[in-house]
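Dumped coords_35.cif below, it's mmCIF, C-alpha atoms and all ligand atoms:
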data_work
#
loop_
_atom_site.label_atom_id
_atom_site.label_comp_id
_atom_site.auth_asym_id
_atom_site.auth_seq_id
_atom_site.Cartn_x
_atom_site.Cartn_y
_atom_site.Cartn_z
CA MET A 386 -9.27 -22.98 16.52
CA LYS A 387 -5.75 -23.88 15.53
CA ILE A 388 -4.72 -22.53 12.11
CA LEU A 389 -1.58 -23.84 10.45
CA THR A 390 -0.28 -21.35 7.88
CA VAL A 391 2.13 -22.48 5.16
CA VAL A 392 4.28 -19.84 3.46
CA GLY A 393 7.56 -20.05 1.57
CA ALA A 394 7.92 -17.43 -1.16
CA ARG A 395 8.29 -13.64 -1.14
CA PRO A 396 4.72 -12.66 -2.09
CA GLN A 397 3.33 -15.00 0.55
CA PHE A 398 5.18 -13.24 3.38
CA ILE A 399 3.59 -9.94 2.36
CA LYS A 400 0.10 -11.45 2.20
CA ALA A 401 0.42 -13.52 5.39
CA CYS A 402 1.53 -10.59 7.52
CA MET A 403 -1.85 -8.91 7.10
CA LEU A 404 -3.88 -11.92 8.23
CA SER A 405 -1.44 -12.75 11.04
CA LYS A 406 -1.84 -9.26 12.50
CA ILE A 407 -5.59 -9.87 12.93
CA ILE A 408 -5.45 -13.53 13.91
CA VAL A 409 -3.15 -12.70 16.81
CA GLN A 410 -5.77 -10.34 18.24
CA GLU A 411 -8.45 -13.06 18.32
CA PRO A 412 -8.36 -15.11 21.54
CA ASP A 413 -10.25 -17.94 19.81
CA LEU A 414 -7.65 -18.31 17.07
CA GLN A 415 -4.14 -19.70 17.31
CA GLU A 416 -1.76 -19.56 14.36
CA ILE A 417 1.19 -21.87 13.76
CA ILE A 418 3.41 -20.56 10.94
CA VAL A 419 5.43 -22.93 8.77
CA HIS A 420 8.07 -21.46 6.41
CA THR A 421 8.98 -24.04 3.81
CA GLY A 422 12.24 -22.27 2.93
CA GLN A 423 11.39 -22.13 -0.77
CA HIS A 424 12.84 -18.60 -0.74
CA TYR A 425 15.87 -18.26 1.50
CA ASP A 426 18.10 -15.34 0.42
CA VAL A 427 17.95 -12.60 3.04
CA ASN A 428 16.42 -10.18 0.54
CA MET A 429 13.81 -12.75 -0.58
CA SER A 430 12.75 -13.83 2.91
CA ASP A 431 14.14 -12.49 6.23
CA ILE A 432 13.89 -8.90 5.13
CA PHE A 433 10.10 -9.23 4.85
CA PHE A 434 9.73 -10.94 8.22
CA ASN A 435 11.70 -8.08 9.82
CA GLU A 436 10.15 -5.18 7.95
CA LEU A 437 6.55 -6.41 8.19
CA LYS A 438 6.97 -7.76 11.71
CA LEU A 439 5.75 -11.22 10.80
CA PRO A 440 6.11 -13.60 13.75
CA VAL A 441 9.18 -15.84 13.59
CA PRO A 442 7.93 -19.09 11.99
CA ASP A 443 7.19 -21.91 14.42
CA TYR A 444 8.77 -24.29 11.91
CA HIS A 445 11.35 -23.55 9.22
CA LEU A 446 11.71 -26.45 6.83
CA LYS A 447 14.76 -25.07 4.95
CA ILE A 448 13.76 -26.91 1.74
CA GLY A 449 15.51 -24.51 -0.64
CA SER A 450 15.55 -24.73 -4.43
CA GLY A 451 15.14 -27.77 -6.66
CA SER A 452 13.13 -29.20 -9.51
CA HIS A 453 9.37 -29.06 -8.99
CA GLY A 454 9.12 -32.73 -8.01
CA LYS A 455 12.06 -32.65 -5.60
CA GLN A 456 11.13 -29.36 -3.99
CA THR A 457 7.44 -30.24 -3.57
CA SER A 458 8.06 -33.78 -2.33
CA LYS A 459 10.55 -32.63 0.33
CA MET A 460 7.96 -30.14 1.52
CA LEU A 461 5.24 -32.83 1.57
CA CYS A 462 7.28 -35.15 3.79
CA LYS A 463 8.01 -32.49 6.38
CA LEU A 464 4.60 -30.81 6.29
CA GLU A 465 2.86 -34.13 6.87
CA GLU A 466 4.92 -34.75 10.02
CA ILE A 467 4.12 -31.30 11.36
CA MET A 468 0.41 -31.56 10.60
CA VAL A 469 0.20 -34.95 12.30
CA GLU A 470 1.96 -33.51 15.35
CA GLU A 471 0.10 -30.17 15.51
CA LYS A 472 -3.38 -31.44 14.52
CA PRO A 473 -4.56 -28.10 13.12
CA ASP A 474 -8.27 -27.44 12.60
CA ILE A 475 -7.54 -25.79 9.29
CA VAL A 476 -4.55 -25.21 7.00
CA LEU A 477 -4.18 -21.77 5.44
CA VAL A 478 -2.36 -21.46 2.11
CA TYR A 479 -1.65 -18.46 -0.10
CA GLY A 480 -1.49 -18.04 -3.86
CA ASP A 481 -0.03 -20.56 -6.26
CA THR A 482 3.55 -21.54 -5.48
CA ASN A 483 4.98 -24.99 -4.84
CA SER A 484 4.66 -24.22 -1.12
CA THR A 485 0.91 -23.68 -1.67
CA LEU A 486 0.59 -27.01 -3.46
CA ALA A 487 2.57 -28.90 -0.81
CA GLY A 488 0.54 -27.30 2.00
CA SER A 489 -2.79 -28.14 0.42
CA LEU A 490 -1.85 -31.66 -0.67
CA SER A 491 -0.46 -32.58 2.77
CA ALA A 492 -3.58 -31.26 4.47
CA ALA A 493 -6.02 -32.91 2.05
CA LYS A 494 -4.42 -36.34 2.53
CA LEU A 495 -4.84 -35.96 6.29
CA ASN A 496 -8.44 -34.79 5.88
CA ILE A 497 -7.66 -31.37 7.30
CA PRO A 498 -9.79 -28.56 5.81
CA ILE A 499 -7.93 -25.98 3.72
CA ALA A 500 -8.54 -22.26 3.36
CA HIS A 501 -7.07 -20.85 0.14
CA VAL A 502 -6.26 -17.15 0.00
CA GLU A 503 -6.23 -15.85 -3.62
CA SER A 504 -8.51 -18.63 -4.72
CA GLY A 505 -10.16 -18.81 -8.15
CA LEU A 506 -7.46 -17.14 -10.24
CA ARG A 507 -6.88 -18.69 -13.63
CA SER A 508 -4.69 -18.04 -16.64
CA TYR A 509 -6.04 -21.14 -18.42
CA ASN A 510 -2.44 -21.92 -19.37
CA LYS A 511 -1.41 -25.23 -17.85
CA LYS A 512 2.19 -24.74 -18.99
CA MET A 513 2.54 -22.38 -16.05
CA PRO A 514 3.53 -24.17 -12.82
CA GLU A 515 1.38 -21.65 -10.95
CA GLU A 516 -1.77 -22.67 -12.87
CA ILE A 517 -1.29 -26.31 -11.88
CA ASN A 518 -0.70 -25.34 -8.25
CA ARG A 519 -3.77 -23.13 -8.02
CA VAL A 520 -6.14 -25.51 -9.83
CA VAL A 521 -5.12 -28.44 -7.61
CA THR A 522 -5.28 -26.33 -4.45
CA ASP A 523 -8.75 -25.02 -5.32
CA HIS A 524 -10.03 -28.52 -5.93
CA LEU A 525 -8.79 -29.63 -2.51
CA SER A 526 -9.94 -26.60 -0.50
CA THR A 527 -12.91 -26.03 1.76
CA LEU A 528 -12.84 -22.23 2.09
CA PHE A 529 -12.15 -20.16 -1.00
CA PHE A 530 -11.10 -16.57 -0.39
CA CYS A 531 -11.49 -14.87 -3.76
CA PRO A 532 -9.88 -11.50 -4.40
CA THR A 533 -12.08 -10.55 -7.38
CA GLN A 534 -15.48 -11.30 -8.87
CA THR A 535 -13.73 -12.97 -11.82
CA ALA A 536 -12.15 -15.41 -9.40
CA VAL A 537 -15.59 -16.28 -7.98
CA ASN A 538 -16.91 -16.79 -11.51
CA ASN A 539 -13.96 -19.00 -12.44
CA LEU A 540 -14.65 -21.32 -9.49
CA LYS A 541 -18.31 -21.50 -10.44
CA LYS A 542 -17.33 -22.67 -13.95
CA GLU A 543 -15.46 -25.56 -12.29
CA GLY A 544 -18.47 -26.47 -10.15
CA ILE A 545 -17.09 -24.93 -6.95
CA ASN A 546 -19.97 -23.08 -5.29
CA HIS A 547 -19.82 -23.80 -1.56
CA GLY A 548 -17.49 -22.03 0.84
CA VAL A 549 -16.70 -19.39 -1.80
CA TYR A 550 -16.28 -15.84 -0.48
CA LEU A 551 -15.53 -12.62 -2.34
CA THR A 552 -13.19 -11.13 0.23
CA GLY A 553 -11.23 -8.55 -1.77
CA ASP A 554 -7.51 -8.70 -2.26
CA ILE A 555 -5.10 -9.12 0.62
CA ASN A 556 -2.32 -7.22 -1.21
CA TYR A 557 -4.65 -4.24 -1.18
CA ASP A 558 -4.92 -4.49 2.62
CA ALA A 559 -1.11 -4.50 2.82
CA LEU A 560 -0.74 -1.61 0.43
CA LEU A 561 -3.25 0.58 2.26
CA PHE A 562 -1.69 -0.30 5.61
CA TYR A 563 1.91 0.45 4.59
CA LYS A 564 1.63 2.98 1.75
CA SER A 565 1.99 6.22 3.65
CA TYR A 566 4.85 4.83 5.76
CA ALA A 567 6.61 3.62 2.60
CA LEU A 568 6.11 6.92 0.77
CA ASN A 569 7.36 8.96 3.73
CA HIS A 570 10.26 6.80 4.88
CA SER A 571 11.84 5.08 1.90
CA THR A 572 14.84 6.91 0.43
CA ILE A 573 15.12 4.68 -2.62
CA LEU A 574 14.65 7.50 -5.17
CA SER A 575 17.47 9.60 -3.78
CA ASP A 576 19.61 6.49 -3.18
CA LEU A 577 19.35 5.69 -6.89
CA ASN A 578 19.41 9.33 -7.98
CA LEU A 579 15.98 9.11 -9.62
CA THR A 580 13.41 11.78 -10.41
CA LYS A 581 9.70 11.06 -10.01
CA GLU A 582 8.07 9.73 -13.21
CA GLU A 583 11.38 9.83 -15.07
CA TYR A 584 12.11 6.11 -14.93
CA TYR A 585 10.47 2.79 -15.63
CA LEU A 586 10.39 -0.01 -13.09
CA ALA A 587 10.74 -3.60 -14.30
CA THR A 588 10.48 -7.02 -12.65
CA ILE A 589 10.77 -10.37 -14.43
CA HIS A 590 10.83 -13.83 -12.91
CA ARG A 591 8.18 -16.08 -14.47
CA ALA A 592 9.52 -19.34 -15.89
CA GLU A 593 7.77 -18.70 -19.22
CA ASN A 594 10.07 -15.66 -19.67
CA THR A 595 13.26 -16.57 -17.83
CA ASP A 596 13.54 -20.09 -19.24
CA ASN A 597 12.97 -19.10 -22.86
CA TYR A 598 15.97 -17.57 -24.67
CA HIS A 599 13.94 -15.65 -27.25
CA ARG A 600 11.54 -14.15 -24.71
CA LEU A 601 14.26 -13.21 -22.24
CA LYS A 602 16.37 -11.64 -24.99
CA THR A 603 13.38 -9.73 -26.38
CA ILE A 604 12.54 -8.35 -22.95
CA LEU A 605 16.10 -7.13 -22.35
CA GLU A 606 16.28 -5.66 -25.85
CA ALA A 607 13.04 -3.79 -25.20
CA PHE A 608 14.45 -2.39 -21.93
CA ASN A 609 17.46 -1.13 -23.90
CA GLU A 610 15.26 0.74 -26.37
CA LEU A 611 13.28 2.72 -23.81
CA ASP A 612 13.38 6.51 -23.67
CA MET A 613 14.13 6.53 -19.93
CA LYS A 614 16.17 4.50 -17.50
CA VAL A 615 14.77 1.11 -16.45
CA ILE A 616 15.22 0.19 -12.80
CA PHE A 617 15.38 -3.59 -12.61
CA PRO A 618 15.35 -5.22 -9.15
CA ILE A 619 16.45 -8.61 -10.29
CA HIS A 620 14.98 -11.86 -9.00
CA PRO A 621 17.68 -14.50 -8.33
CA ARG A 622 16.15 -16.84 -10.88
CA THR A 623 16.39 -14.19 -13.61
CA LYS A 624 19.94 -13.26 -12.66
CA GLU A 625 20.99 -16.88 -13.02
CA LYS A 626 19.19 -17.42 -16.34
CA ILE A 627 20.64 -14.25 -17.91
CA LYS A 628 24.11 -15.52 -17.05
CA GLN A 629 23.39 -19.07 -18.30
CA MET A 630 21.98 -17.77 -21.60
CA ASN A 631 24.92 -15.42 -22.21
CA LEU A 632 22.70 -12.36 -22.22
CA LEU A 633 24.74 -10.32 -19.74
CA ASN A 634 25.79 -7.92 -22.50
CA LEU A 635 22.14 -6.78 -22.79
CA LEU A 636 21.98 -6.15 -19.06
CA HIS A 637 25.16 -4.13 -18.81
CA SER A 638 23.90 -1.20 -20.81
CA SER A 639 23.56 2.38 -19.69
CA ASN A 640 19.76 2.20 -19.98
CA ILE A 641 19.27 -0.55 -17.42
CA LYS A 642 20.00 -0.12 -13.74
CA THR A 643 20.06 -3.57 -12.18
CA ILE A 644 19.62 -3.70 -8.42
CA GLU A 645 19.13 -6.41 -5.81
CA PRO A 646 15.54 -7.42 -4.94
CA LEU A 647 14.04 -4.63 -2.85
CA PRO A 648 12.42 -4.68 0.56
CA TYR A 649 8.65 -4.07 0.45
CA PHE A 650 8.62 -0.41 1.52
CA ASP A 651 11.24 0.56 -1.08
CA MET A 652 9.32 -1.45 -3.65
CA ILE A 653 6.05 0.39 -2.96
CA HIS A 654 7.88 3.71 -3.10
CA ILE A 655 9.65 3.03 -6.37
CA GLU A 656 6.47 1.58 -7.93
CA ASN A 657 4.47 4.62 -6.89
CA PHE A 658 6.68 7.14 -8.70
CA ALA A 659 7.45 5.14 -11.85
CA LYS A 660 6.26 6.48 -15.22
CA ALA A 661 5.15 2.92 -15.96
CA ILE A 662 5.82 -0.56 -14.67
CA LEU A 663 6.91 -3.47 -16.86
CA THR A 664 6.42 -6.83 -15.23
CA ASP A 665 5.38 -10.46 -15.36
CA SER A 666 4.64 -10.56 -11.64
CA GLY A 667 1.09 -11.04 -10.37
CA GLY A 668 1.62 -8.96 -7.26
CA VAL A 669 3.34 -6.14 -9.11
CA GLN A 670 0.55 -5.94 -11.72
CA LYS A 671 -1.94 -5.53 -8.88
CA GLU A 672 0.14 -2.95 -7.02
CA ALA A 673 0.57 -0.92 -10.22
CA TYR A 674 -3.22 -0.69 -10.42
CA MET A 675 -3.62 0.05 -6.72
CA LEU A 676 -1.09 2.89 -7.03
CA ARG A 677 -2.60 4.10 -10.33
CA VAL A 678 0.58 3.54 -12.30
CA PRO A 679 0.19 2.22 -15.88
CA CYS A 680 1.42 -1.35 -16.26
CA ILE A 681 2.77 -3.24 -19.26
CA THR A 682 2.53 -6.97 -18.62
CA LEU A 683 5.13 -9.09 -20.38
CA ARG A 684 2.95 -12.17 -20.53
CA ASP A 685 0.45 -13.65 -22.98
CA GLU A 686 -2.34 -13.84 -20.43
CA THR A 687 -3.07 -12.58 -16.94
CA GLU A 688 -5.19 -13.71 -14.01
CA TRP A 689 -5.93 -10.06 -13.20
CA THR A 690 -8.19 -9.48 -16.20
CA GLU A 691 -10.01 -6.52 -14.62
CA THR A 692 -6.81 -4.46 -14.69
CA VAL A 693 -6.62 -5.03 -18.46
CA ASP A 694 -10.35 -4.35 -19.01
CA SER A 695 -9.95 -1.00 -17.25
CA LYS A 696 -6.99 -0.23 -19.57
CA TRP A 697 -4.51 0.41 -16.74
CA ASN A 698 -2.71 -2.79 -17.69
CA THR A 699 -1.64 -3.75 -21.23
CA LEU A 700 -0.79 -7.34 -22.10
CA VAL A 701 2.03 -7.40 -24.62
CA GLY A 702 3.59 -10.85 -24.34
CA ALA A 703 7.35 -11.14 -24.58
CA SER A 704 8.09 -12.39 -28.05
CA ASN A 705 7.66 -9.27 -30.17
CA LEU A 706 9.90 -6.28 -29.57
CA GLY A 707 7.66 -4.00 -31.64
CA ASN A 708 4.60 -4.80 -29.50
CA ILE A 709 6.45 -4.01 -26.29
CA SER A 710 7.93 -0.75 -27.59
CA HIS A 711 4.57 0.35 -29.04
CA ALA A 712 2.75 -0.25 -25.75
CA ILE A 713 5.35 1.71 -23.81
CA ALA A 714 5.35 4.60 -26.25
CA ASN A 715 1.57 4.84 -25.88
CA VAL A 716 1.33 4.52 -22.13
CA LYS A 717 -1.22 6.80 -20.47
CA LYS A 718 -3.41 6.92 -17.37
CA PRO A 719 -7.06 6.10 -18.12
CA SER A 720 -9.66 8.33 -16.47
CA ASN A 721 -11.78 5.44 -15.14
CA TYR A 722 -10.70 3.56 -12.04
CA PRO A 723 -13.12 0.82 -10.94
CA ALA A 724 -12.75 -0.67 -7.44
CA ILE A 725 -11.47 -4.08 -8.47
CA PHE A 726 -9.81 -5.29 -5.30
CA GLY A 727 -12.39 -4.59 -2.59
CA ASP A 728 -12.10 -2.06 0.20
CA GLY A 729 -8.84 -3.09 1.90
CA HIS A 730 -10.51 -5.12 4.66
CA SER A 731 -10.13 -8.57 3.20
CA SER A 732 -8.08 -9.88 6.15
CA LYS A 733 -10.83 -8.89 8.59
CA ILE A 734 -13.44 -10.58 6.37
CA MET A 735 -11.32 -13.77 6.15
CA THR A 736 -10.76 -13.80 9.92
CA ASN A 737 -14.50 -13.56 10.58
CA ILE A 738 -15.12 -16.47 8.21
CA LEU A 739 -12.45 -18.51 10.01
CA LEU A 740 -14.01 -17.65 13.40
CA ASN A 741 -17.36 -19.00 12.22
CA PHE A 742 -15.91 -22.11 10.56
CA LYS A 743 -17.08 -25.35 12.10
C1 LIG B 801 8.31 -18.84 -7.14
C2 LIG B 801 6.93 -19.31 -7.54
C3 LIG B 801 6.24 -18.25 -8.38
C4 LIG B 801 6.24 -16.92 -7.66
C5 LIG B 801 7.65 -16.55 -7.22
C6 LIG B 801 7.61 -15.31 -6.38
C7 LIG B 801 6.72 -21.73 -7.89
C8 LIG B 801 6.64 -22.82 -8.90
N1 LIG B 801 7.01 -20.52 -8.37
O1 LIG B 801 9.07 -18.70 -8.33
O2 LIG B 801 4.89 -18.63 -8.61
O3 LIG B 801 5.73 -15.95 -8.54
O4 LIG B 801 8.21 -17.62 -6.45
O5 LIG B 801 8.85 -14.67 -6.34
O6 LIG B 801 6.51 -21.97 -6.73
N2 LIG B 801 16.56 -18.59 -5.82
C9 LIG B 801 17.59 -18.06 -5.10
N3 LIG B 801 17.33 -17.61 -3.84
C10 LIG B 801 16.10 -17.65 -3.27
C11 LIG B 801 15.06 -18.20 -4.02
C12 LIG B 801 15.30 -18.67 -5.29
O7 LIG B 801 18.74 -17.99 -5.55
O8 LIG B 801 15.94 -17.20 -2.12
C13 LIG B 801 16.83 -19.04 -7.20
C14 LIG B 801 17.29 -20.49 -7.30
O9 LIG B 801 18.20 -20.57 -8.34
C15 LIG B 801 16.01 -21.20 -7.71
C16 LIG B 801 15.30 -20.15 -8.56
O10 LIG B 801 15.64 -18.91 -7.97
O11 LIG B 801 16.25 -22.37 -8.40
C17 LIG B 801 13.81 -20.31 -8.60
O12 LIG B 801 13.25 -20.33 -7.28
P1 LIG B 801 11.83 -21.04 -7.01
O13 LIG B 801 11.41 -20.78 -5.65
O14 LIG B 801 11.88 -22.45 -7.47
O15 LIG B 801 10.86 -20.32 -8.02
P2 LIG B 801 10.65 -18.77 -8.29
O16 LIG B 801 11.08 -18.51 -9.68
O17 LIG B 801 11.22 -17.98 -7.19
N1 LIG B 802 8.40 -7.22 -4.27
C1 LIG B 802 9.33 -6.67 -3.40
N2 LIG B 802 10.61 -6.45 -3.86
C2 LIG B 802 10.99 -6.75 -5.14
C3 LIG B 802 10.03 -7.31 -6.02
C4 LIG B 802 8.75 -7.56 -5.55
O1 LIG B 802 9.00 -6.36 -2.25
O2 LIG B 802 12.17 -6.51 -5.48
C5 LIG B 802 7.04 -7.47 -3.78
C6 LIG B 802 5.97 -6.74 -4.59
O3 LIG B 802 5.79 -5.43 -4.07
C7 LIG B 802 4.77 -7.64 -4.42
C8 LIG B 802 5.39 -9.03 -4.32
O4 LIG B 802 6.75 -8.84 -3.95
O5 LIG B 802 4.07 -7.36 -3.23
C9 LIG B 802 5.31 -9.74 -5.62
O6 LIG B 802 6.10 -10.89 -5.57
P1 LIG B 802 6.73 -11.58 -6.85
O7 LIG B 802 6.77 -10.65 -7.97
O8 LIG B 802 8.00 -12.20 -6.41
O9 LIG B 802 5.73 -12.80 -7.13
P2 LIG B 802 4.27 -12.95 -7.76
O10 LIG B 802 3.38 -11.89 -7.20
O11 LIG B 802 4.41 -12.87 -9.25
O12 LIG B 802 3.88 -14.32 -7.37
#
When written as structure tokens, how does the structure in this file appear?
Ligand code: UD1
Ligand code: UDP
Amino acid sequence: MKILTVVGARPQFIKACMLSKIIVQEPDLQEIIVHTGQHYDVNMSDIFFNELKLPVPDYHLKIGSGSHGKQTSKMLCKLEEIMVEEKPDIVLVYGDTNSTLAGSLSAAKLNIPIAHVESGLRSYNKKMPEEINRVVTDHLSTLFFCPTQTAVNNLKKEGINHGVYLTGDINYDALLFYKSYALNHSTILSDLNLTKEEYYLATIHRAENTDNYHRLKTILEAFNELDMKVIFPIHPRTKEKIKQMNLLNLLHSSNIKTIEPLPYFDMIHIENFAKAILTDSGGVQKEAYMLRVPCITLRDETEWTETVDSKWNTLVGASNLGNISHAIANVKKPSNYPAIFGDGHSSKIMTNILLNFK
């Protein structure tokens, strides 16, 4: 079976590496990897291919940044050509980015079945580009690899019942695989002169926060009020928006340590020893839970509702400074810890499903 995998953004490289490792061991499976080039800075792309030993992509489309329509349509044109040429038996897409949408739409129009990893997640907020991408992709897919029971239930509500598998979460596979290496080899704490549990870690990149002056300002003001240093590996989108919105003065304070986006092993290490994590990232919310670090989510809703139900994750939005400060002041580790994300073998489960797919 020929599998054509479409990736393009940072979180997809981390997820895809786990499945690729298993696919390559299966003589009946062949994987062709297409990198759309949605993320292209070395520290948003190449660094993950090198560190996680992902195979060099068979095709690199070099699409780069652009408005949603331009970026997605450029991807569609090139992906269609490649799919016609390669004639894959199935197209594998991850998550909810524009690369996911382009991969699934190109495949669907050519009647190629689609397997969607991280299927069934919903925020029920269609203002998010990710929600549109994931809803469309799910309604075009044939195999639905759901990380959580909530994801399975969400698909059911939309009438999607066939080909739905509760596989567990692929980020959990990656975390279990790399955690001890990351904890033993990363020197990020000493590099940044940090003491365990005496700093907060923050990541922000979602359009709903970066593209809204009030929300972005409130987030940066909250970081400035914290009782400990905030380490802020800054996504290129956020860096640009802070400059455009004249908010640099809030960034250049003694309480915020801005750094470049981190490689995965350093990220796991710095997440693991944070007193708490403040984020709007999906992957980082999950990793906080997996590492048992309290998380404050700077969004109005989350797809990872189980992390909130278990009280490890607190949703505070990003428009009220008082709410953010209150949540951080009251951060603690709950005693319960339900197994939300499976057992860390989701890539094996997905591979077996692919092997049996006719
Ligand atoms: C994308 C995904 C988002 C995902 C995130 C992971 C979409 C709609 N959004 O958001 O779901 O959570 O990736 O990180 O697909 N830029 C650079 N260098 C890069 C990449 C981006 O400078 O290597 C800058 C450009 O100014 C670009 C902006 O970041 O315009 C946004 O990049 P884009 O890929 O469009 O969206 P993300 O915000 O990264
Ligand atoms: N990540 C990383 N370095 C960083 C920030 C994030 O390696 O500086 C990893 C993080 O550990 C997680 C993934 O990137 O595995 C999350 O990606 P991101 O936050 O960009 O996107 P999202 O998950 O929100 O789609």
Non-local contacts of A:Lys718 (10 Å; all atoms listed in the file; under 3 positions in same chain excluded) as JSON, numbers by chain: {"A": [660, 661, 677, 678, 679, 680, 696, 697, 698, 721, 722]}
Each residue of chain A lying at most 8 Å from ligand LIG 801 (chain B) should get a row with its shortest atom-to-atom pair and the distance in Å to one decimal, counting all atoms listed in the file; could you produce that, ordered by chain and increasing number, as JSON lines?
{"residue": "A:Ala394", "atom": "CA", "partner": "B:LIG801", "partner_atom": "O4", "distance": 5.3}
{"residue": "A:Arg395", "atom": "CA", "partner": "B:LIG801", "partner_atom": "O5", "distance": 5.3}
{"residue": "A:Pro396", "atom": "CA", "partner": "B:LIG801", "partner_atom": "C6", "distance": 5.8}
{"residue": "A:Gln423", "atom": "CA", "partner": "B:LIG801", "partner_atom": "O13", "distance": 5.1}
{"residue": "A:His424", "atom": "CA", "partner": "B:LIG801", "partner_atom": "O8", "distance": 3.7}
{"residue": "A:Tyr425", "atom": "CA", "partner": "B:LIG801", "partner_atom": "O8", "distance": 3.8}
{"residue": "A:Asp426", "atom": "CA", "partner": "B:LIG801", "partner_atom": "O8", "distance": 3.8}
{"residue": "A:Val427", "atom": "CA", "partner": "B:LIG801", "partner_atom": "O8", "distance": 7.2}
{"residue": "A:Asn428", "atom": "CA", "partner": "B:LIG801", "partner_atom": "O8", "distance": 7.5}
{"residue": "A:Met429", "atom": "CA", "partner": "B:LIG801", "partner_atom": "O8", "distance": 5.2}
{"residue": "A:Ser430", "atom": "CA", "partner": "B:LIG801", "partner_atom": "O8", "distance": 6.8}
{"residue": "A:Gly449", "atom": "CA", "partner": "B:LIG801", "partner_atom": "C11", "distance": 7.2}
{"residue": "A:Ser450", "atom": "CA", "partner": "B:LIG801", "partner_atom": "O11", "distance": 4.7}
{"residue": "A:Gly451", "atom": "CA", "partner": "B:LIG801", "partner_atom": "O11", "distance": 5.8}
{"residue": "A:Ser452", "atom": "CA", "partner": "B:LIG801", "partner_atom": "O14", "distance": 7.2}
{"residue": "A:His453", "atom": "CA", "partner": "B:LIG801", "partner_atom": "C8", "distance": 6.8}
{"residue": "A:Gln456", "atom": "CA", "partner": "B:LIG801", "partner_atom": "O14", "distance": 7.8}
{"residue": "A:Gly480", "atom": "CA", "partner": "B:LIG801", "partner_atom": "O2", "distance": 8.0}
{"residue": "A:Asp481", "atom": "CA", "partner": "B:LIG801", "partner_atom": "O2", "distance": 5.8}
{"residue": "A:Thr482", "atom": "CA", "partner": "B:LIG801", "partner_atom": "O6", "distance": 3.2}
{"residue": "A:Asn483", "atom": "CA", "partner": "B:LIG801", "partner_atom": "O6", "distance": 3.9}
{"residue": "A:Ser484", "atom": "CA", "partner": "B:LIG801", "partner_atom": "O6", "distance": 6.3}
{"residue": "A:Thr485", "atom": "CA", "partner": "B:LIG801", "partner_atom": "O6", "distance": 7.7}
{"residue": "A:Pro514", "atom": "CA", "partner": "B:LIG801", "partner_atom": "C8", "distance": 5.2}
{"residue": "A:Glu515", "atom": "CA", "partner": "B:LIG801", "partner_atom": "O2", "distance": 5.2}
{"residue": "A:Asn518", "atom": "CA", "partner": "B:LIG801", "partner_atom": "C8", "distance": 7.8}
{"residue": "A:His590", "atom": "CA", "partner": "B:LIG801", "partner_atom": "O16", "distance": 5.7}
{"residue": "A:Arg591", "atom": "CA", "partner": "B:LIG801", "partner_atom": "O16", "distance": 6.1}
{"residue": "A:Ala592", "atom": "CA", "partner": "B:LIG801", "partner_atom": "O16", "distance": 6.5}
{"residue": "A:His620", "atom": "CA", "partner": "B:LIG801", "partner_atom": "O10", "distance": 7.2}
{"residue": "A:Pro621", "atom": "CA", "partner": "B:LIG801", "partner_atom": "O7", "distance": 4.6}
{"residue": "A:Arg622", "atom": "CA", "partner": "B:LIG801", "partner_atom": "O10", "distance": 3.6}
{"residue": "A:Thr623", "atom": "CA", "partner": "B:LIG801", "partner_atom": "O10", "distance": 7.4}
{"residue": "A:Glu625", "atom": "CA", "partner": "B:LIG801", "partner_atom": "O9", "distance": 6.6}
{"residue": "A:Ser666", "atom": "CA", "partner": "B:LIG801", "partner_atom": "O3", "distance": 6.3}
{"residue": "A:Gly667", "atom": "CA", "partner": "B:LIG801", "partner_atom": "O3", "distance": 7.0}
Could you list, with a cut-off of 12 Å and counting all atoms listed in the file, the residues of stretch 580-691 of chain A near stretch 527-545 of chain A, each shown with its nearest atom pair and the distance in Å rounded to one decimal, rows sorted by chain and ascending number, as a tab-separated table?
residue	atom	partner	partner_atom	distance
A:Lys671	CA	A:Pro532	CA	10.9
A:Thr687	CA	A:Thr535	CA	11.8
A:Glu688	CA	A:Ala536	CA	8.5
A:Trp689	CA	A:Thr535	CA	8.4
A:Thr690	CA	A:Thr535	CA	7.9
A:Glu691	CA	A:Thr535	CA	8.0
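Here atom CA of A:Phe608 stands at a distance of 25.3 Å from atom CA of A:Ser508.
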Minimum-distance residue to ligand LIG 802 (chain B), chosen among A:Gln397, A:Asn569, A:Thr552, A:Ser639 (using only C-alpha atoms and all ligand atoms): A:Gln397
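Note that atom CA of A:Gly668 and atom O7 of ligand LIG 802 (chain B) are 5.5 Å apart.
Using all atoms listed in the file, the shortest contact distance between A:Val716 and any of A:Ile662, A:Val549, A:Val469, A:Ile408 is found at A:Ile662.
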Residue contacts of A:Leu486 (12 Å, only C-alpha atoms) excluding same-chain residues fewer than 2 positions away, as a PyMOL selection string: chain A and resi 391-393+421+453-454+456-458+460-461+464+476-484+488-493+499+501+514-526
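Atom CA of A:Ile616 is positioned 13.5 Å from atom CA of A:Ile604.
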So that I can check the surroundings of A:Leu439, please list as a short mmCIF file (atom, residue, chain, number, x, y, z; two decimals) with C-alpha atoms, keeping the file's coordinate frame every protein, DNA and RNA residue that reaches within 8 Å of it, counting all atoms listed in the file and ignoring chain neighbours fewer than 6 positions away.
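Output file selection-v5.cif follows:
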data_model
loop_
_atom_site.label_atom_id
_atom_site.label_comp_id
_atom_site.auth_asym_id
_atom_site.auth_seq_id
_atom_site.Cartn_x
_atom_site.Cartn_y
_atom_site.Cartn_z
CA PHE A 398 5.18 -13.24 3.38
CA ALA A 401 0.42 -13.52 5.39
CA CYS A 402 1.53 -10.59 7.52
CA SER A 405 -1.44 -12.75 11.04
CA PHE A 433 10.10 -9.23 4.85
#
